[in-house]
Each structure stands twice: as C-alpha cells, then as structure tokens.
>>> print(open('work_26.cif').read())   # mmCIF, C-alpha atoms
data_query
#
loop_
_atom_site.label_atom_id
_atom_site.label_comp_id
_atom_site.auth_asym_id
_atom_site.auth_seq_id
_atom_site.Cartn_x
_atom_site.Cartn_y
_atom_site.Cartn_z
CA MET A 24 0.00 0.00 0.00
CA LEU A 25 2.83 2.40 0.86
CA SER A 26 4.48 1.87 -2.53
CA VAL A 27 1.20 2.70 -4.28
CA LEU A 28 0.83 5.93 -2.31
CA LEU A 29 4.41 6.90 -3.09
CA THR A 30 3.83 6.24 -6.80
CA VAL A 31 0.68 8.37 -6.80
CA ALA A 32 2.46 11.15 -4.92
CA CYS A 33 5.31 11.04 -7.46
CA LEU A 34 2.89 11.30 -10.39
CA VAL A 35 1.05 14.19 -8.74
CA PHE A 36 4.33 15.98 -8.14
CA LEU A 37 5.46 15.52 -11.75
CA GLY A 38 2.08 16.71 -13.02
CA ALA A 39 2.19 19.80 -10.82
CA LEU A 40 5.76 20.50 -11.94
CA PHE A 41 4.79 20.27 -15.61
CA PHE A 42 1.77 22.52 -15.03
CA ALA A 43 3.94 25.10 -13.23
CA VAL A 44 6.52 25.09 -16.03
CA ALA A 45 3.86 25.41 -18.73
CA ARG A 46 2.18 28.33 -16.97
CA ALA A 47 5.35 30.19 -16.00
CA SER A 48 6.10 33.57 -17.53
CA ALA A 49 9.24 34.08 -19.59
CA ARG A 50 10.92 35.97 -16.72
CA THR A 51 10.10 33.26 -14.17
CA ALA A 52 11.24 30.54 -16.55
CA ARG A 53 14.50 32.39 -17.15
CA ILE A 54 15.23 32.83 -13.42
CA VAL A 55 14.41 29.23 -12.54
CA TRP A 56 16.34 27.78 -15.47
CA LEU A 57 19.42 29.93 -14.85
CA THR A 58 19.40 28.94 -11.17
CA VAL A 59 19.17 25.23 -11.95
CA PHE A 60 21.75 25.55 -14.73
CA ALA A 61 24.17 27.39 -12.42
CA VAL A 62 23.84 24.77 -9.67
CA VAL A 63 24.23 21.81 -12.03
CA LEU A 64 27.16 23.28 -13.98
CA GLY A 65 28.91 24.58 -10.87
CA SER A 66 28.50 21.27 -9.07
CA ALA A 67 29.98 19.33 -11.97
CA VAL A 68 32.98 21.62 -12.45
CA THR A 69 33.86 21.95 -8.76
CA MET A 70 33.40 18.24 -8.08
CA MET A 71 35.83 17.58 -10.91
CA GLY A 72 38.32 19.97 -9.32
CA ALA A 73 37.93 18.44 -5.86
CA HIS A 74 38.38 14.95 -7.28
CA ALA A 75 41.49 16.01 -9.21
CA PHE A 76 42.95 17.43 -6.00
CA LEU A 77 42.16 14.31 -3.98
CA SER A 78 43.49 11.86 -6.56
CA LYS A 79 46.83 13.70 -6.70
CA TRP A 80 47.47 14.77 -3.11
CA SER A 81 45.04 12.84 -0.87
CA PHE A 82 45.44 15.33 2.00
CA ARG A 83 49.12 14.37 2.26
CA GLY A 84 48.69 10.96 3.89
CA ASP A 85 50.64 10.36 7.11
CA SER A 86 53.29 13.00 6.44
CA THR A 87 54.59 14.35 9.75
CA ARG A 88 55.26 17.60 7.94
CA TYR A 89 51.77 18.39 6.66
CA GLY A 90 49.53 15.31 6.99
CA LEU A 91 45.82 15.80 7.70
CA LEU A 92 45.79 14.53 11.30
CA GLN A 93 49.03 16.36 12.02
CA LEU A 94 47.43 19.61 10.84
CA ILE A 95 44.32 18.93 12.93
CA ASP A 96 46.32 18.12 16.08
CA GLY A 97 48.68 21.08 15.62
CA THR A 98 51.77 18.86 15.42
CA ALA A 99 52.66 19.58 11.77
CA GLU A 100 55.80 21.47 10.91
CA ARG A 101 56.09 25.18 10.32
CA PRO A 102 54.82 26.98 8.27
CA PHE A 103 51.98 24.49 7.64
CA VAL A 104 50.93 24.36 11.28
CA PHE A 105 50.20 28.10 11.11
CA ARG A 106 47.18 27.45 8.82
CA ARG A 107 44.45 26.72 11.39
CA LEU A 108 40.99 27.45 9.98
CA ALA A 109 40.37 24.47 7.69
CA PRO A 110 42.08 21.88 9.97
CA ASP A 111 40.18 23.14 13.02
CA ILE A 112 36.85 22.96 11.16
CA VAL A 113 37.60 19.42 10.01
CA GLY A 114 38.78 18.35 13.47
CA TYR A 115 35.71 19.71 15.25
CA ALA A 116 33.31 18.27 12.68
CA ALA A 117 35.06 14.89 12.80
CA ASP A 118 34.74 14.74 16.58
CA MET A 119 31.04 15.58 16.36
CA ALA A 120 30.50 13.02 13.61
CA GLN A 121 32.15 10.24 15.60
CA LYS A 122 29.83 10.97 18.52
CA HIS A 123 26.57 11.16 16.57
CA LEU A 124 26.87 8.93 13.49
CA SER A 125 25.60 5.38 13.70
CA ARG A 126 28.00 2.46 13.90
CA ALA A 127 26.93 1.25 10.45
CA THR A 128 27.70 4.66 8.93
CA LEU A 129 31.11 4.86 10.60
CA ASP A 130 32.00 1.35 9.45
CA GLY A 131 31.00 2.34 5.92
CA LEU A 132 33.30 5.37 6.00
CA VAL A 133 36.18 3.18 7.16
CA ASN A 134 35.69 0.14 4.92
CA THR A 135 33.40 0.64 1.92
CA SER A 136 33.52 4.35 1.03
CA ARG A 137 34.94 5.16 -2.41
CA LEU A 138 37.42 7.54 -0.75
CA VAL A 139 39.25 4.53 0.70
CA HIS A 140 40.83 4.10 -2.74
CA TYR A 141 42.66 7.42 -2.34
CA ARG A 142 44.66 6.41 0.72
CA GLY A 143 48.28 7.44 0.47
CA PHE A 144 49.91 9.99 -1.83
CA THR A 145 53.12 10.46 -3.78
CA GLY A 146 56.01 8.69 -2.10
CA ILE A 147 53.89 6.86 0.51
CA ASP A 148 52.52 3.41 -0.31
CA VAL A 149 50.76 2.68 2.98
CA GLU A 150 48.63 5.11 4.97
CA SER A 151 47.04 4.55 8.36
CA TRP A 152 43.25 4.38 8.22
CA SER A 153 41.65 4.62 11.63
CA GLU A 154 38.04 5.58 12.21
CA ARG A 155 39.07 9.11 13.12
CA LYS A 156 41.24 9.40 10.01
CA ALA A 157 38.47 8.09 7.74
CA VAL A 158 35.88 10.50 9.13
CA ALA A 159 38.33 13.43 8.91
CA VAL A 160 39.20 12.66 5.27
CA HIS A 161 35.52 12.58 4.27
CA ILE A 162 34.79 15.87 6.03
CA ALA A 163 37.92 17.48 4.58
CA PHE A 164 36.88 16.41 1.08
CA ILE A 165 33.38 17.85 1.56
CA LEU A 166 34.86 21.08 2.94
CA PHE A 167 37.29 21.38 0.05
CA TRP A 168 34.53 20.89 -2.53
CA SER A 169 32.14 23.24 -0.70
CA CYS A 170 34.73 26.03 -0.79
CA LEU A 171 35.27 25.55 -4.52
CA PHE A 172 31.50 25.56 -5.03
CA GLY A 173 31.21 28.78 -3.04
CA THR A 174 34.07 30.34 -5.01
CA TYR A 175 32.18 29.55 -8.21
CA PHE A 176 29.18 31.64 -7.11
CA VAL A 177 31.42 34.44 -5.85
CA GLY A 178 33.02 34.45 -9.31
CA ILE A 179 29.58 34.92 -10.84
CA ALA A 180 28.88 37.82 -8.49
CA LEU A 181 32.26 39.41 -9.30
CA LEU A 182 31.55 39.33 -13.02
CA LEU A 183 28.07 40.77 -12.57
CA THR A 184 29.51 43.52 -10.36
CA VAL A 185 32.59 44.47 -12.36
CA GLY A 186 32.32 42.77 -15.73
CA LYS A 187 28.92 44.16 -16.76
CA CYS A 188 27.94 40.95 -18.50
CA SER A 189 24.78 38.87 -18.69
CA THR A 190 23.93 36.33 -16.02
CA LEU A 191 24.40 33.45 -18.45
CA GLU A 192 27.83 34.74 -19.48
CA ALA A 193 28.83 35.12 -15.82
CA ILE A 194 27.73 31.56 -15.00
CA VAL A 195 29.61 29.98 -17.91
CA THR A 196 32.72 32.14 -17.42
CA SER A 197 32.94 31.37 -13.71
CA ALA A 198 32.58 27.66 -14.50
CA ILE A 199 35.46 27.90 -16.98
CA GLY A 200 37.59 29.63 -14.37
CA LEU A 201 36.90 26.91 -11.79
CA ALA A 202 37.62 24.22 -14.40
CA LEU A 203 41.20 25.54 -14.50
CA VAL A 204 41.70 25.23 -10.73
CA PRO A 205 43.42 21.79 -10.90
CA LEU A 206 46.22 23.47 -12.86
CA MET A 207 47.18 25.09 -9.54
CA PHE A 208 48.15 21.81 -7.92
CA VAL A 209 51.46 21.22 -9.71
CA GLU A 210 54.04 20.96 -6.93
CA GLY A 211 51.66 21.10 -4.00
CA GLY A 212 48.06 20.96 -2.88
CA TYR A 213 46.73 21.51 0.63
CA LEU A 214 43.47 21.40 2.53
CA TYR A 215 43.40 25.17 3.01
CA ASP A 216 43.84 26.08 -0.68
CA ALA A 217 40.12 26.02 -1.53
CA SER A 218 39.09 28.01 1.55
CA GLU A 219 41.77 30.58 0.70
CA LEU A 220 40.27 31.07 -2.77
CA LEU A 221 36.77 31.41 -1.33
CA LEU A 222 37.71 33.95 1.35
CA LEU A 223 39.94 36.01 -0.93
CA SER A 224 37.32 36.22 -3.68
CA THR A 225 34.61 37.12 -1.17
CA ILE A 226 36.72 39.88 0.36
CA ILE A 227 37.41 41.37 -3.07
CA LEU A 228 33.71 41.19 -3.96
CA LEU A 229 32.69 42.96 -0.75
CA ALA A 230 35.31 45.66 -1.37
CA PHE A 231 33.87 46.26 -4.85
CA ARG A 232 30.35 46.51 -3.43
CA GLY A 233 31.28 48.72 -0.48
CA TYR A 234 30.41 46.35 2.39
CA TYR A 235 33.38 47.46 4.46
CA LEU A 236 32.03 46.40 7.86
CA LEU A 237 32.19 42.77 6.77
CA LEU A 238 35.84 42.98 5.75
CA PRO A 239 37.59 42.83 9.18
CA PRO A 240 36.02 39.51 10.30
CA LEU A 241 36.61 37.99 6.87
CA VAL A 242 40.22 39.15 6.77
CA LEU A 243 40.68 37.62 10.21
CA LEU A 244 39.20 34.32 8.98
CA MET A 245 41.47 34.44 5.95
CA ALA A 246 44.49 35.07 8.18
CA ILE A 247 43.51 32.15 10.40
CA ASN A 248 43.23 30.04 7.26
CA LYS A 249 46.69 31.18 6.06
CA GLU A 250 48.81 33.70 7.90
CA SER A 251 50.08 35.33 4.70
CA ALA A 252 46.58 36.77 4.11
CA LEU A 253 48.02 40.03 5.40
CA LEU A 254 49.56 40.48 1.95
CA ALA A 255 46.14 40.48 0.28
CA VAL A 256 45.13 43.75 1.98
CA PRO A 257 47.14 46.40 0.00
CA PRO A 258 45.51 45.54 -3.37
CA LEU A 259 42.13 46.43 -1.86
CA PHE A 260 43.18 50.08 -1.49
CA PRO A 261 42.52 51.23 -5.10
CA ILE A 262 39.22 49.32 -5.16
CA ILE A 263 37.94 51.04 -2.03
CA ALA A 264 39.40 54.39 -3.07
CA ARG A 265 37.53 54.36 -6.39
CA ARG A 266 34.24 53.86 -4.58
CA SER A 267 34.67 55.85 -1.36
CA GLY A 268 37.75 58.05 -1.68
CA TRP A 269 41.36 57.83 -0.58
CA LYS A 270 40.76 58.69 3.08
CA ILE A 271 38.23 55.93 3.68
CA ALA A 272 40.42 53.52 1.72
CA GLY A 273 43.34 54.36 3.99
CA VAL A 274 41.28 53.84 7.14
CA VAL A 275 39.77 50.54 5.97
CA THR A 276 43.00 49.02 4.67
CA GLY A 277 44.86 50.25 7.74
CA LEU A 278 42.38 48.50 10.03
CA LEU A 279 42.55 45.32 7.93
CA THR A 280 46.34 45.42 8.08
CA LEU A 281 46.24 45.62 11.87
CA VAL A 282 43.85 42.66 12.01
CA GLY A 283 46.05 40.53 9.76
CA LEU A 284 49.25 41.59 11.48
CA ALA A 285 47.89 40.81 14.94
CA TRP A 286 47.04 37.24 13.94
CA PHE A 287 50.33 36.85 12.07
CA LEU A 288 52.33 37.73 15.18
CA TYR A 289 50.13 35.61 17.46
CA ILE A 290 50.28 32.42 15.39
CA ARG A 291 54.03 32.71 14.83
CA ALA A 292 54.56 33.05 18.58
CA ARG A 293 52.17 30.20 19.43
CA TYR A 294 53.99 27.65 17.27
CA ALA A 295 57.50 29.07 17.54
CA ALA A 296 58.72 25.83 19.13
CA SER A 297 57.31 23.59 16.37
CA PRO A 298 59.79 21.90 14.02
CA GLY A 299 60.35 23.29 10.55
CA MET A 300 60.95 26.86 9.43
CA ASP A 301 58.81 29.95 9.08
CA ARG A 302 59.69 30.42 5.42
CA GLU A 303 61.36 28.22 2.83
CA THR A 304 63.84 29.58 0.28
CA TRP A 305 64.25 28.15 -3.23
CA ILE A 306 66.11 30.94 -5.05
CA ALA A 307 68.84 28.76 -6.57
CA TYR A 308 66.44 26.02 -7.63
CA ASN A 309 63.96 28.48 -9.12
CA PHE A 310 66.69 30.24 -11.11
CA ALA A 311 67.72 26.90 -12.60
CA PHE A 312 64.09 25.95 -13.20
CA TRP A 313 62.95 29.11 -15.00
CA THR A 314 66.09 29.28 -17.15
CA ASN A 315 65.65 25.68 -18.36
CA LEU A 316 63.77 25.62 -21.66
CA LYS A 317 62.38 22.10 -21.22
CA ASN A 318 60.35 23.21 -18.18
CA TYR A 319 58.14 25.22 -20.53
CA PHE A 320 57.02 22.03 -22.26
CA ARG A 321 56.32 19.77 -19.28
CA PHE A 322 53.08 17.94 -18.53
CA ASN A 323 51.66 16.28 -15.44
CA GLY A 324 48.60 14.31 -14.33
CA LEU A 325 46.78 17.26 -12.82
CA TYR A 326 43.25 16.22 -13.80
CA SER A 327 43.81 12.47 -14.02
CA PRO A 328 46.47 10.12 -12.61
CA VAL A 329 47.52 9.07 -16.13
CA LEU A 330 46.31 11.60 -18.69
CA PRO A 331 48.77 14.53 -19.06
CA ALA A 332 47.85 18.18 -18.59
CA PRO A 333 50.11 21.21 -19.13
CA ARG A 334 51.98 22.30 -16.02
CA GLY A 335 52.03 25.84 -14.69
CA ALA A 336 55.04 26.97 -16.75
CA ASN A 337 53.95 25.18 -19.92
CA VAL A 338 53.88 27.37 -23.01
CA ILE A 339 50.24 26.33 -23.55
CA ILE A 340 49.27 27.91 -20.22
CA LEU A 341 51.33 31.00 -20.99
CA LEU A 342 49.57 31.43 -24.35
CA LEU A 343 46.18 30.76 -22.77
CA LEU A 344 46.71 33.64 -20.35
CA SER A 345 48.82 36.11 -22.32
CA PHE A 346 46.35 36.87 -25.13
CA PRO A 347 43.31 37.71 -22.94
CA LEU A 348 45.53 39.44 -20.39
CA LEU A 349 47.03 41.79 -22.96
CA LYS A 350 43.69 42.44 -24.67
CA GLY A 351 41.82 42.84 -21.40
CA TRP A 352 44.31 45.17 -19.76
CA ALA A 353 43.37 48.13 -21.95
CA VAL A 354 39.62 47.77 -21.35
CA SER A 355 39.70 46.94 -17.62
CA ARG A 356 38.86 49.41 -14.89
CA SER A 357 41.75 51.42 -13.51
CA ASP A 358 41.24 50.12 -9.96
CA VAL A 359 41.34 46.50 -11.18
CA ARG A 360 44.58 47.17 -13.07
CA LEU A 361 46.18 48.89 -10.07
CA ALA A 362 45.07 46.12 -7.70
CA THR A 363 46.62 43.59 -10.10
CA ILE A 364 49.90 45.50 -10.19
CA ILE A 365 50.06 45.74 -6.39
CA SER A 366 49.21 42.08 -5.83
CA ALA A 367 51.74 41.00 -8.48
CA ALA A 368 54.43 43.23 -6.97
CA ILE A 369 53.91 41.37 -3.68
CA ALA A 370 53.27 37.83 -4.87
CA VAL A 371 55.73 37.39 -7.75
CA PRO A 372 58.95 38.09 -5.76
CA LEU A 373 57.76 35.71 -3.03
CA PHE A 374 56.86 33.15 -5.70
CA LEU A 375 60.35 33.29 -7.20
CA THR A 376 62.18 33.14 -3.88
CA SER A 377 60.04 30.93 -1.63
CA CYS A 378 58.02 28.64 -3.91
CA TYR A 379 59.15 25.46 -5.59
CA GLY A 380 59.34 25.71 -9.38
CA ASP A 381 56.00 26.31 -11.10
CA GLU A 382 53.95 25.94 -7.92
CA ILE A 383 51.46 28.48 -9.23
CA ARG A 384 49.00 27.94 -6.36
CA ASN A 385 51.19 30.44 -4.50
CA LEU A 386 50.13 33.14 -6.95
CA SER A 387 46.50 32.76 -5.84
CA MET A 388 46.46 36.32 -4.50
CA ILE A 389 46.47 37.54 -8.11
CA PHE A 390 43.93 35.04 -9.47
CA PRO A 391 40.68 37.01 -8.90
CA TYR A 392 42.09 40.10 -10.59
CA LEU A 393 43.49 38.11 -13.52
CA PHE A 394 40.11 36.42 -13.80
CA LEU A 395 38.38 39.78 -14.27
CA ILE A 396 40.98 41.11 -16.71
CA CYS A 397 41.17 37.95 -18.80
CA THR A 398 37.38 37.77 -18.99
CA GLY A 399 37.33 41.25 -20.48
CA GLY A 400 40.15 40.27 -22.82
CA VAL A 401 38.29 37.23 -24.14
CA ARG A 402 35.22 39.41 -24.71
CA GLU A 403 37.36 41.83 -26.72
CA MET A 404 38.90 39.04 -28.81
CA MET A 405 35.49 37.57 -29.58
CA LYS A 406 34.10 40.79 -31.02
CA PRO A 407 33.30 40.55 -34.76
CA ASP A 408 36.01 41.91 -37.05
CA ASN A 409 35.61 45.02 -39.23
CA GLY A 410 32.33 46.00 -37.68
CA GLU A 411 30.61 42.83 -38.88
CA THR A 412 27.68 41.52 -36.94
CA CYS A 413 26.80 37.94 -36.13
CA THR A 414 23.59 37.02 -37.91
CA ARG A 415 21.80 33.78 -38.55
CA GLN A 416 22.45 32.64 -42.10
CA ASP A 417 19.51 30.26 -42.19
CA VAL A 418 16.90 32.97 -41.72
CA MET A 419 15.54 34.41 -44.96
CA PRO A 420 15.04 38.18 -45.01
CA PRO A 421 11.42 39.24 -45.07
CA THR A 422 9.89 39.55 -48.52
CA PRO A 423 8.94 43.16 -49.25
CA GLN A 424 5.21 43.60 -49.66
CA PRO A 425 3.90 45.59 -52.65
CA ARG A 426 2.42 48.90 -51.77
CA VAL A 427 -1.31 49.09 -52.32
CA SER A 428 -2.49 52.39 -53.70
CA LYS A 429 -5.62 53.82 -52.23
#
>>> encode(input="work_26.cif", output="structure tokens")
Amino acid sequence: MLSVLLTVACLVFLGALFFAVARASARTARIVWLTVFAVVLGSAVTMMGAHAFLSKWSFRGDSTRYGLLQLIDGTAERPFVFRRLAPDIVGYAADMAQKHLSRATLDGLVNTSRLVHYRGFTGIDVESWSERKAVAVHIAFILFWSCLFGTYFVGIALLLTVGKCSTLEAIVTSAIGLALVPLMFVEGGYLYDASELLLLSTIILLAFRGYYLLLPPLVLLMAINKESALLAVPPLFPIIARRSGWKIAGVVTGLLTLVGLAWFLYIRARYAASPGMDRETWIAYNFAFWTNLKNYFRFNGLYSPVLPAPRGANVIILLLLSFPLLKGWAVSRSDVRLATIISAAIAVPLFLTSCYGDEIRNLSMIFPYLFLICTGGVREMMKPDNGETCTRQDVMPPTPQPRVSK
C-alpha cells in the first residue's frame, strides 16, 4: 500500500511541476532555469576539481610535515601548522560526527567508502586508516569541494559587479575559471587552498560593493586560514578608493592590516617551538628551473592520474593567459589594473624566492584580478572583425510587400 501511495504522490508531483513550467512567464522561466543551470554546472565543475585534488594529493597521507591529522592536532611542521581554519573545522566536525553517526555509517566510511581508494599519496605506499582518520578525510573532502562551489558563485557575483555581462555569461565564465583550478596543484596541494580562494574572492567582492564592515572579520578568517593573508590587503586600497575616496580607503586598509598583522604575530609566537621553518627559500632552484627551456614544455597528471595536462610553466598555459591578459588590460577598470599590479608586486617576488618551481597555487592572491581582466580580454577578442555583426544565415530576409495604392 505504501508503494502505491508513493507512486501516486510522485505522479502528482510531476504533473504539478509540468503545469507550473507550462504556466510560467518568460521571466520566471529564465530565473528558474538559470538557477538550476548554475547549480548543475557549478556542481559538476567543482566536483571535478575536488576529485582532481584528492586523486593527486590525498590530504598528504601520514606525512609528519603536513599530513591531515598532524594539521588537525597542531603537530605539523612550520609553516603548515600556522594554517588553522580548515584543519580546526575538520577536526571539530570529525569529533562531532564520531559521537553522533551510527556504527553502520562509521563502518562504511572506514571500509566501503569510495574515498578509501585514495589512501596514500606520492612517495607513501601505505597510509594509516583509523576511524578518526576516515571521518576526517571525508569531512575534509566535503569542505574542500564546498569552498570551490562557493568560489564559483562568488566568481559569478564578481563578473556581474565588475564585468557588466549577462547572467548566463557570468555563469559559464565562472565555471570555466573553476575548471582551471586543478592546474594550480602542480608541486603542492593543501586542505586550506580552496578556503583561501573562497575567502579572498569574497573579500574582493565585498570591497567592490562597499560592504566594508564585513571585511575585518573575513580578513581575520582568511588570516587564520593562512597567515600570509596580510599580503592580500594592500591591493584592496585602489578598489575602495575608487568607490569611497582615498581617506576611507586608507582607514579601511589600515584596520585590515592591523587585524592581519595581529594574527600573524600571534600564530608565529604560538607555534614558535614547532619543528620546521617559518619560510622556505628556493632561489637557486627556481633560477635553474625558470632558465631551463624544457620546463616550458612539461606535462603532469593534474586532472587524471595518467592523462597529461600542461603544467604551470607550460607554453600552452602562458599562451592561454597572455592573449586575454594583454587584450583585457586596456579595457579593464583602472582600480582593477592597479590592484593587479600591487598584488603581483607582492606575490611574484615571493613566488620566485620561496616557492618550488612552477607551484602556481602560490600566486592565488592575483587570481581574482586576472580572472576579471582575462574575462574582459576574451570578450574583446570575440568581437566581430571590421564591424561585422553575427547574424543567422539560415533565416531568410522578409519579402517586401507591394504597396497598395488607395
């Protein structure tokens, strides 16, 4: 009897849905369809990115330097132990899950979940797999994907705010941007990378829209996520100044700098006795890397364990970015250009001195600004040449009607 009632209820629901769709106005249909399309497309793209990350790095296995449980327990090495937000969220959620999930569910996470296949990562063949570790890995994976999914919608909002494009164009463009995220994870990938992208993009969006009161708590969260968030504050100055003037921009960025600096000093002092070093230096290696021609033609399994994708320094990636960047620079807003210059002036020297080879994830501070500029550049390149217009060739022009004399 219950199955019959469920079948009837399903048919009634489908009939009501069809009736609602048939009766909807064009505006309502457009809003509903765009919402569903955005959710479906964004889910697919960000799930792909989260899976690519997991299949390559697997939250760093049992590494005492930056393994997942080591990050959660605060026993990882410096500077990785400084990044507290994502590990603390995962640790708290894992403890709650162990207390409230059923035994059957916990056993499934340990033994039969598909994520069991991703145990271990490069250089480690065997990884411990306790109940706590299994629950933490599942929560970390969900958190990582959720942050990418949130970044996707923030990207849409950024384009609608700055790019002056249609909603459909913003949805598709943001999806394309998120589809390129796995290219970040060349020489490293960490739990806090996705939350860093989400918080940074949100802060930039709020600065563009003038919601300055929300910036201090978000900058603090971003600093807790990664202590170098302090460096993301100066590029906000031209954005705020364009909207509210130089004085307000100075006050806001000054306050945000104090917030980031306070956490930076606190977290460094708290884990001063931890093993490791506050900052790594790779100047000699990077000089040899960037002056070696073959590094501009290297590939790696960034999207799939076997299928090759161009690495960060690959000439394909350089061409992919250089054309829209050069075309978009001239048509971008002055505050976006200045913010890009400031962020690049900060990030690029650190990238060349403290990052390993083409570890382009460490240029993430520039990504939102490049995203806006390159989007404008692609729009410029796609304009019809010589004033031509895009018309449908299969539509016959209307036949002129003979004039009837009165």
>>> closest_residue(input="work_26.cif", among="A:Arg334, A:Lys270, A:Lys187, A:Lys122", to="Arg402 (chain A)", atoms="all atoms listed in the file")
A:Lys187
>>> resolve_selection(input="work_26.cif", expression="the PyMOL selection byres ((chain A and resi 172) around 12)", output="ChimeraX atom specification")
/A:61-73,165-171,173-179,197-198,200-202,204,217-218,220-221
>>> atom_distance(input="work_26.cif", atom1="CA of Phe60 (chain A)", atom2="CA of Val195 (chain A)")
9.6 Å
>>> closest_atom_pairs(input="work_26.cif", of="region 342-413 of chain A", to="region 262-265 of chain A", cutoff="8 Å", atoms="only C-alpha atoms", output="tab-separated table")
residue	atom	partner	partner_atom	distance
A:Asp358	CA	A:Ile262	CA	5.3
A:Val359	CA	A:Ile262	CA	7.0
A:Ala362	CA	A:Ile262	CA	7.1
>>> resolve_selection(input="work_26.cif", expression="the PyMOL selection byres ((chain A and resi 248) around 12)", output="VMD selection string")
chain A and resid 94 103 to 112 213 to 223 241 to 247 249 to 253 283 286 to 287 290
>>> atom_distance(input="work_26.cif", atom1="CA of Phe260 (chain A)", atom2="CA of Ile365 (chain A)")
9.5 Å
>>> residues_around(input="work_26.cif", residues="region 131-142 of chain A", least_positions_apart="6", cutoff="6 Å", atoms="all atoms listed in the file", output="list of chain:residue names")
A:Glu150, A:Glu154, A:Ala157
>>> residues_around(input="work_26.cif", residues="Pro258 (chain A)", least_positions_apart="3", cutoff="12 Å", atoms="all atoms listed in the file", output="MDAnalysis selection string")
chainID A and resid 223 226:227 230:231 252:255 261:264 272:273 276 279:280 358:370 388:389 391:392
>>> atom_distance(input="work_26.cif", atom1="CA of Asn323 (chain A)", atom2="CA of Val338 (chain A)")
13.6 Å
>>> resolve_selection(input="work_26.cif", expression="the PyMOL selection byres ((chain A and resi 207-209) around 12)", output="ChimeraX atom specification")
/A:72-81,200-206,210-214,216-217,220,321-327,331-337,340,378-387,390
>>> write_last_selection(input="work_26.cif", atoms="C-alpha atoms", output="mmCIF file, keeping the file's coordinate frame")
data_model
loop_
_atom_site.group_PDB
_atom_site.id
_atom_site.type_symbol
_atom_site.label_atom_id
_atom_site.label_comp_id
_atom_site.auth_asym_id
_atom_site.auth_seq_id
_atom_site.Cartn_x
_atom_site.Cartn_y
_atom_site.Cartn_z
ATOM 1 C CA GLY A 72 38.320 19.970 -9.320
ATOM 2 C CA ALA A 73 37.930 18.440 -5.860
ATOM 3 C CA HIS A 74 38.380 14.950 -7.280
ATOM 4 C CA ALA A 75 41.490 16.010 -9.210
ATOM 5 C CA PHE A 76 42.950 17.430 -6.000
ATOM 6 C CA LEU A 77 42.160 14.310 -3.980
ATOM 7 C CA SER A 78 43.490 11.860 -6.560
ATOM 8 C CA LYS A 79 46.830 13.700 -6.700
ATOM 9 C CA TRP A 80 47.470 14.770 -3.110
ATOM 10 C CA SER A 81 45.040 12.840 -0.870
ATOM 11 C CA GLY A 200 37.590 29.630 -14.370
ATOM 12 C CA LEU A 201 36.900 26.910 -11.790
ATOM 13 C CA ALA A 202 37.620 24.220 -14.400
ATOM 14 C CA LEU A 203 41.200 25.540 -14.500
ATOM 15 C CA VAL A 204 41.700 25.230 -10.730
ATOM 16 C CA PRO A 205 43.420 21.790 -10.900
ATOM 17 C CA LEU A 206 46.220 23.470 -12.860
ATOM 18 C CA GLU A 210 54.040 20.960 -6.930
ATOM 19 C CA GLY A 211 51.660 21.100 -4.000
ATOM 20 C CA GLY A 212 48.060 20.960 -2.880
ATOM 21 C CA TYR A 213 46.730 21.510 0.630
ATOM 22 C CA LEU A 214 43.470 21.400 2.530
ATOM 23 C CA ASP A 216 43.840 26.080 -0.680
ATOM 24 C CA ALA A 217 40.120 26.020 -1.530
ATOM 25 C CA LEU A 220 40.270 31.070 -2.770
ATOM 26 C CA ARG A 321 56.320 19.770 -19.280
ATOM 27 C CA PHE A 322 53.080 17.940 -18.530
ATOM 28 C CA ASN A 323 51.660 16.280 -15.440
ATOM 29 C CA GLY A 324 48.600 14.310 -14.330
ATOM 30 C CA LEU A 325 46.780 17.260 -12.820
ATOM 31 C CA TYR A 326 43.250 16.220 -13.800
ATOM 32 C CA SER A 327 43.810 12.470 -14.020
ATOM 33 C CA PRO A 331 48.770 14.530 -19.060
ATOM 34 C CA ALA A 332 47.850 18.180 -18.590
ATOM 35 C CA PRO A 333 50.110 21.210 -19.130
ATOM 36 C CA ARG A 334 51.980 22.300 -16.020
ATOM 37 C CA GLY A 335 52.030 25.840 -14.690
ATOM 38 C CA ALA A 336 55.040 26.970 -16.750
ATOM 39 C CA ASN A 337 53.950 25.180 -19.920
ATOM 40 C CA ILE A 340 49.270 27.910 -20.220
ATOM 41 C CA CYS A 378 58.020 28.640 -3.910
ATOM 42 C CA TYR A 379 59.150 25.460 -5.590
ATOM 43 C CA GLY A 380 59.340 25.710 -9.380
ATOM 44 C CA ASP A 381 56.000 26.310 -11.100
ATOM 45 C CA GLU A 382 53.950 25.940 -7.920
ATOM 46 C CA ILE A 383 51.460 28.480 -9.230
ATOM 47 C CA ARG A 384 49.000 27.940 -6.360
ATOM 48 C CA ASN A 385 51.190 30.440 -4.500
ATOM 49 C CA LEU A 386 50.130 33.140 -6.950
ATOM 50 C CA SER A 387 46.500 32.760 -5.840
ATOM 51 C CA PHE A 390 43.930 35.040 -9.470
#
>>> closest_residue(input="work_26.cif", among="A:Ala163, A:Leu238, A:Val354, A:Ala99", to="Gly277 (chain A)", atoms="only C-alpha atoms")
A:Leu238
>>> residues_around(input="work_26.cif", residues="Gln121 (chain A)", least_positions_apart="4", cutoff="12 Å", atoms="all atoms listed in the file", output="PDB file with C-alpha atoms, in the coordinates of the input")
ATOM      1  CA  GLY A 114      38.780  18.350  13.470  1.00  0.00           C
ATOM      2  CA  TYR A 115      35.710  19.710  15.250  1.00  0.00           C
ATOM      3  CA  ALA A 116      33.310  18.270  12.680  1.00  0.00           C
ATOM      4  CA  ALA A 117      35.060  14.890  12.800  1.00  0.00           C
ATOM      5  CA  SER A 125      25.600   5.380  13.700  1.00  0.00           C
ATOM      6  CA  ARG A 126      28.000   2.460  13.900  1.00  0.00           C
ATOM      7  CA  ALA A 127      26.930   1.250  10.450  1.00  0.00           C
ATOM      8  CA  THR A 128      27.700   4.660   8.930  1.00  0.00           C
ATOM      9  CA  LEU A 129      31.110   4.860  10.600  1.00  0.00           C
ATOM     10  CA  ASP A 130      32.000   1.350   9.450  1.00  0.00           C
ATOM     11  CA  LEU A 132      33.300   5.370   6.000  1.00  0.00           C
ATOM     12  CA  VAL A 133      36.180   3.180   7.160  1.00  0.00           C
ATOM     13  CA  SER A 153      41.650   4.620  11.630  1.00  0.00           C
ATOM     14  CA  GLU A 154      38.040   5.580  12.210  1.00  0.00           C
ATOM     15  CA  ARG A 155      39.070   9.110  13.120  1.00  0.00           C
ATOM     16  CA  LYS A 156      41.240   9.400  10.010  1.00  0.00           C
ATOM     17  CA  ALA A 157      38.470   8.090   7.740  1.00  0.00           C
ATOM     18  CA  VAL A 158      35.880  10.500   9.130  1.00  0.00           C
ATOM     19  CA  ALA A 159      38.330  13.430   8.910  1.00  0.00           C
ATOM     20  CA  ILE A 162      34.790  15.870   6.030  1.00  0.00           C
TER      21      ILE A 162
END
